[in-house]
Amino acid sequence: MAHVIGAVAPFPRRPAAHSRERNAAPAPQAGNLPSLRGRPLAFLASYVRRHPAGHLTVLLSVIVAVTCSVSTQYGMKHLIDIVAAGRDAAGTLVWGAFAVLCGLVAADNLSWRVGGYAAHRTFVAVTGDIRRDLFTHLSGHSPTYFAERLPGALASRVSATATAAFTLENTTVWNVLPPTIAVLLSIAFIGSVNLQLAGSLLAIALALGALVFSMARKGAGRHRDYAEKAAAVDGELVDIIGNFNVVRAFGATFREQARLGDRMDAEMAARRHSLYYLEHLRLVHAVLTALLTAGAVGWGIVLWQNGQAQVGDLVLITSLAFNILHGSRDLAVALVDLTQHVARLDEAISTLLTPHDLEDLPDAADLPASRGEVTFEQVRFAYPNRSAVLNDFNLAIRPGERVGLVGFSGAGKSTVLSLLQRFFDVSGGRVSIDGHDIRDVTQASLRAVMAVVPQDISLFHRSVLENIRYARPDATEAEVMAAAEMAHCRDFIEAMPEGFATMVGDRGVKLSGGQRQRLAIARALLKNAPILLLDEATSALDTESEQAIQQALDRLMAGRTVIAIAHRLSTLQSFDRIIVMDQGRIVDDGAPAVLAVRPGPYRDLLRMQQMAPAEVAVAA
Ligand SMILES: Nc1ncnc2c1ncn2[C@@H]1O[C@H](COP(=O)(O)OP(=O)(O)OP(=O)(O)O)[C@@H](O)[C@H]1O
């Protein structure tokens, strides 16, 4: 076992763990995300600015492509005018006009492709940035934030934000910009024939745009409502799938189908409302643009009849009028789609970008290598919208002391551990480690001095090796094996089909409760932190493995400050001190052997567990 102890070295611990975490801290760009909450376009613009060259290339390519495309019609008019002048007059000019036309067609097609490649590269990079930043921001939220929201709904909003941004960029570049430029250029070319006609068309097109835009804005509420309902359905789905065992155990499959069916009906109704509104908008626009085009062509014919326009001019006006009709119809469709995606983006970021409850102070320093002294002074704490859990709570734990926290359910034991890890901020008093208020140090350095073996062991759907190594990603395989051996899990791991490479299933479902707990102990061993928090660490173990685990825990606890919550008092017999809590207060405090024989809450608890005080005293 010597190599084992050597592999999981006692103090001083390596500072690498929290410096690594610090490296993974929010990127500077992600830092100001909450200020963009409720401003979807500013949010998107901040990502556009991160890739200026890519976006500029796309923009220029589209402008060149559309200009060439519209100019093709002018080139056509030019060719017709030359041809119409007769063979003699045209001479070699006709080939010049032909060359210009071919050049325009080639430039038009080539520019689209350049824009296409640049857009794929740039827009995909934006979606990556968005997902990364949102995840970074999400990971800084407090447990309260997650307690109030469904994980599936959050995950779906991260994807929805990236998808909405991707669609917005694509729609803008391929569906908004080209028709806008085409309409404006078409009007400009018509201006070369008749300024009055061009001016009227411009005024009508602008009025039309304003009308469509204001109508589109009015529909934003419907699109947002749909986005909210879609995220809620995703959240419910993940919640139900994650709890399928419970659903089956309670024969609730039909109930859940009906419940989800209701939510989906509501979502579909919201989606229909959102889409119908878009269709109304398109209808209004279609009627108006048809009238506009007919008016422009009619005007062209009148000009030709009056001898104010040539045949080529009439061809130009007619083809440009259709350009305007199609262009502004495409523009309207794209604009109304845009409003839908902007609403989705807005909904998603307003949930995800709420400011963090718990931020490091700007001048927060790293907690120095800890001796493991823990102090709660006059601590007051209440969960949001709940009455106080702790009131003037005082507790001083010396470095290396082993303290057992016991008491009835709901007494506040887990809350004490949560406050020490700064999952919540105290509302009064202070919690300190080695005299440092934990609010003054970085959260990464604070969590680096603690190893936790929780009651509900969370494992990732990854291999056993990766799950144990999670505590210290730079640990060698030998160190992981050694920790596994110390936690008495090597035998069962090696008996599994793929040994340490075995996947543990969603949240570790392929393992027994005791096996999960032993893996968590191995993880804590590997972390090798000076403060150890045990929350019912032996609750799921059978009697046989309990002995072995007790030995492993004893090794794990050696030289560390330990705070352990336990319902079975027998597991705390070797501890230095027992704290009995009741309704957020300490009602008994002392060595187990002393408390066991002294009349008081601890002895009462012992009796309730039918354990003779003498037995405890002897064991201690
Ligand atoms: N996230 C939370 N939000 C709101 N209230 C909470 C939350 N967590 C715990 N509580 C409440 O705080 C009180 C103390 O809970 P806590 O989990 O600290 O007790 P405990 O002594 O650890 O109980 P147990 O032994 O059953 O785990 C309880 O009334 C509980 O309902």
# chains A, B, ... in the order shown; residues from 1 in each chain; ligands from 1
>>> closest_atom_pairs(of="chain A", to="ligand 1", cutoff="10 Å", atoms="only C-alpha atoms and all ligand atoms", output="CSV")
residue,atom,partner,partner_atom_place_in_ligand_line,distance
A:Pro143,CA,ligand 1,1 (N),7.3
A:Thr144,CA,ligand 1,1 (N),6.2
A:Tyr145,CA,ligand 1,1 (N),9.6
A:Phe146,CA,ligand 1,1 (N),9.4
A:Ala147,CA,ligand 1,1 (N),6.5
A:Glu148,CA,ligand 1,1 (N),8.9
A:Phe381,CA,ligand 1,12 (O),9.6
A:Ala382,CA,ligand 1,12 (O),7.7
A:Tyr383,CA,ligand 1,4 (C),4.8
A:Pro384,CA,ligand 1,4 (C),6.5
A:Asn385,CA,ligand 1,4 (C),7.8
A:Arg386,CA,ligand 1,5 (N),6.5
A:Ser387,CA,ligand 1,29 (O),8.6
A:Ala388,CA,ligand 1,12 (O),8.2
A:Val389,CA,ligand 1,13 (C),5.5
A:Leu390,CA,ligand 1,14 (C),8.4
A:Leu405,CA,ligand 1,21 (O),8.7
A:Val406,CA,ligand 1,21 (O),7.7
A:Gly407,CA,ligand 1,21 (O),6.4
A:Phe408,CA,ligand 1,25 (O),6.0
A:Ser409,CA,ligand 1,26 (O),3.5
A:Gly410,CA,ligand 1,19 (O),3.4
A:Ala411,CA,ligand 1,21 (O),3.7
A:Gly412,CA,ligand 1,18 (O),3.2
A:Lys413,CA,ligand 1,21 (O),3.9
A:Ser414,CA,ligand 1,22 (O),3.6
A:Thr415,CA,ligand 1,18 (O),3.7
A:Val416,CA,ligand 1,18 (O),6.6
A:Leu417,CA,ligand 1,18 (O),8.2
A:Ser418,CA,ligand 1,18 (O),8.2
A:Leu419,CA,ligand 1,18 (O),9.7
A:Phe423,CA,ligand 1,1 (N),9.9
A:Phe424,CA,ligand 1,1 (N),9.4
A:Gln455,CA,ligand 1,27 (O),8.7
A:Asp535,CA,ligand 1,27 (O),8.5
A:Glu536,CA,ligand 1,27 (O),8.8
A:Ile565,CA,ligand 1,22 (O),7.8
A:Ala566,CA,ligand 1,25 (O),8.1
A:His567,CA,ligand 1,25 (O),7.3
A:Met581,CA,ligand 1,21 (O),7.6
A:Asp582,CA,ligand 1,21 (O),8.0
A:Gln583,CA,ligand 1,14 (C),7.9
A:Gly584,CA,ligand 1,14 (C),7.5
>>> select_by_dssp(residues="range 400-495 of chain A", states="strand (DSSP E or B)", output="MDAnalysis selection string")
chainID A and resid 402:407 428:433 436:437 441 450:453 463
>>> residues_around(residues="range 392-394 of chain A", least_positions_apart="6", cutoff="7 Å", atoms="only C-alpha atoms", output="list in words")
Phe376, Glu377, Gln378, Val379, Arg380 and Arg585 of chain A
>>> closest_residue(among="A:Trp304, A:Trp174, A:Phe166, A:Phe189", to="Asp330 in chain A", atoms="only C-alpha atoms")
A:Trp174
>>> residues_around(residues="range 292-296 of chain A", least_positions_apart="5", cutoff="10 Å", atoms="only C-alpha atoms", output="list in words")
Ile190, Leu197, Ala198, Ser200, Leu201, Ile204, Ala205, Leu208, Ala286, Val287, Ile301, Val302, Ile317, Thr318, Leu320, Ala321, Phe322, Asn323, Ile324, Leu325 and His326 of chain A
>>> closest_residue(among="A:Arg398, A:His141, A:Arg131, A:His78", to="Ala155 in chain A", atoms="only C-alpha atoms")
A:Arg131
>>> closest_residue(among="A:Ala188, A:Val62, A:Ala45, A:Met608", to="Tyr74 in chain A", atoms="only C-alpha atoms")
A:Ala188
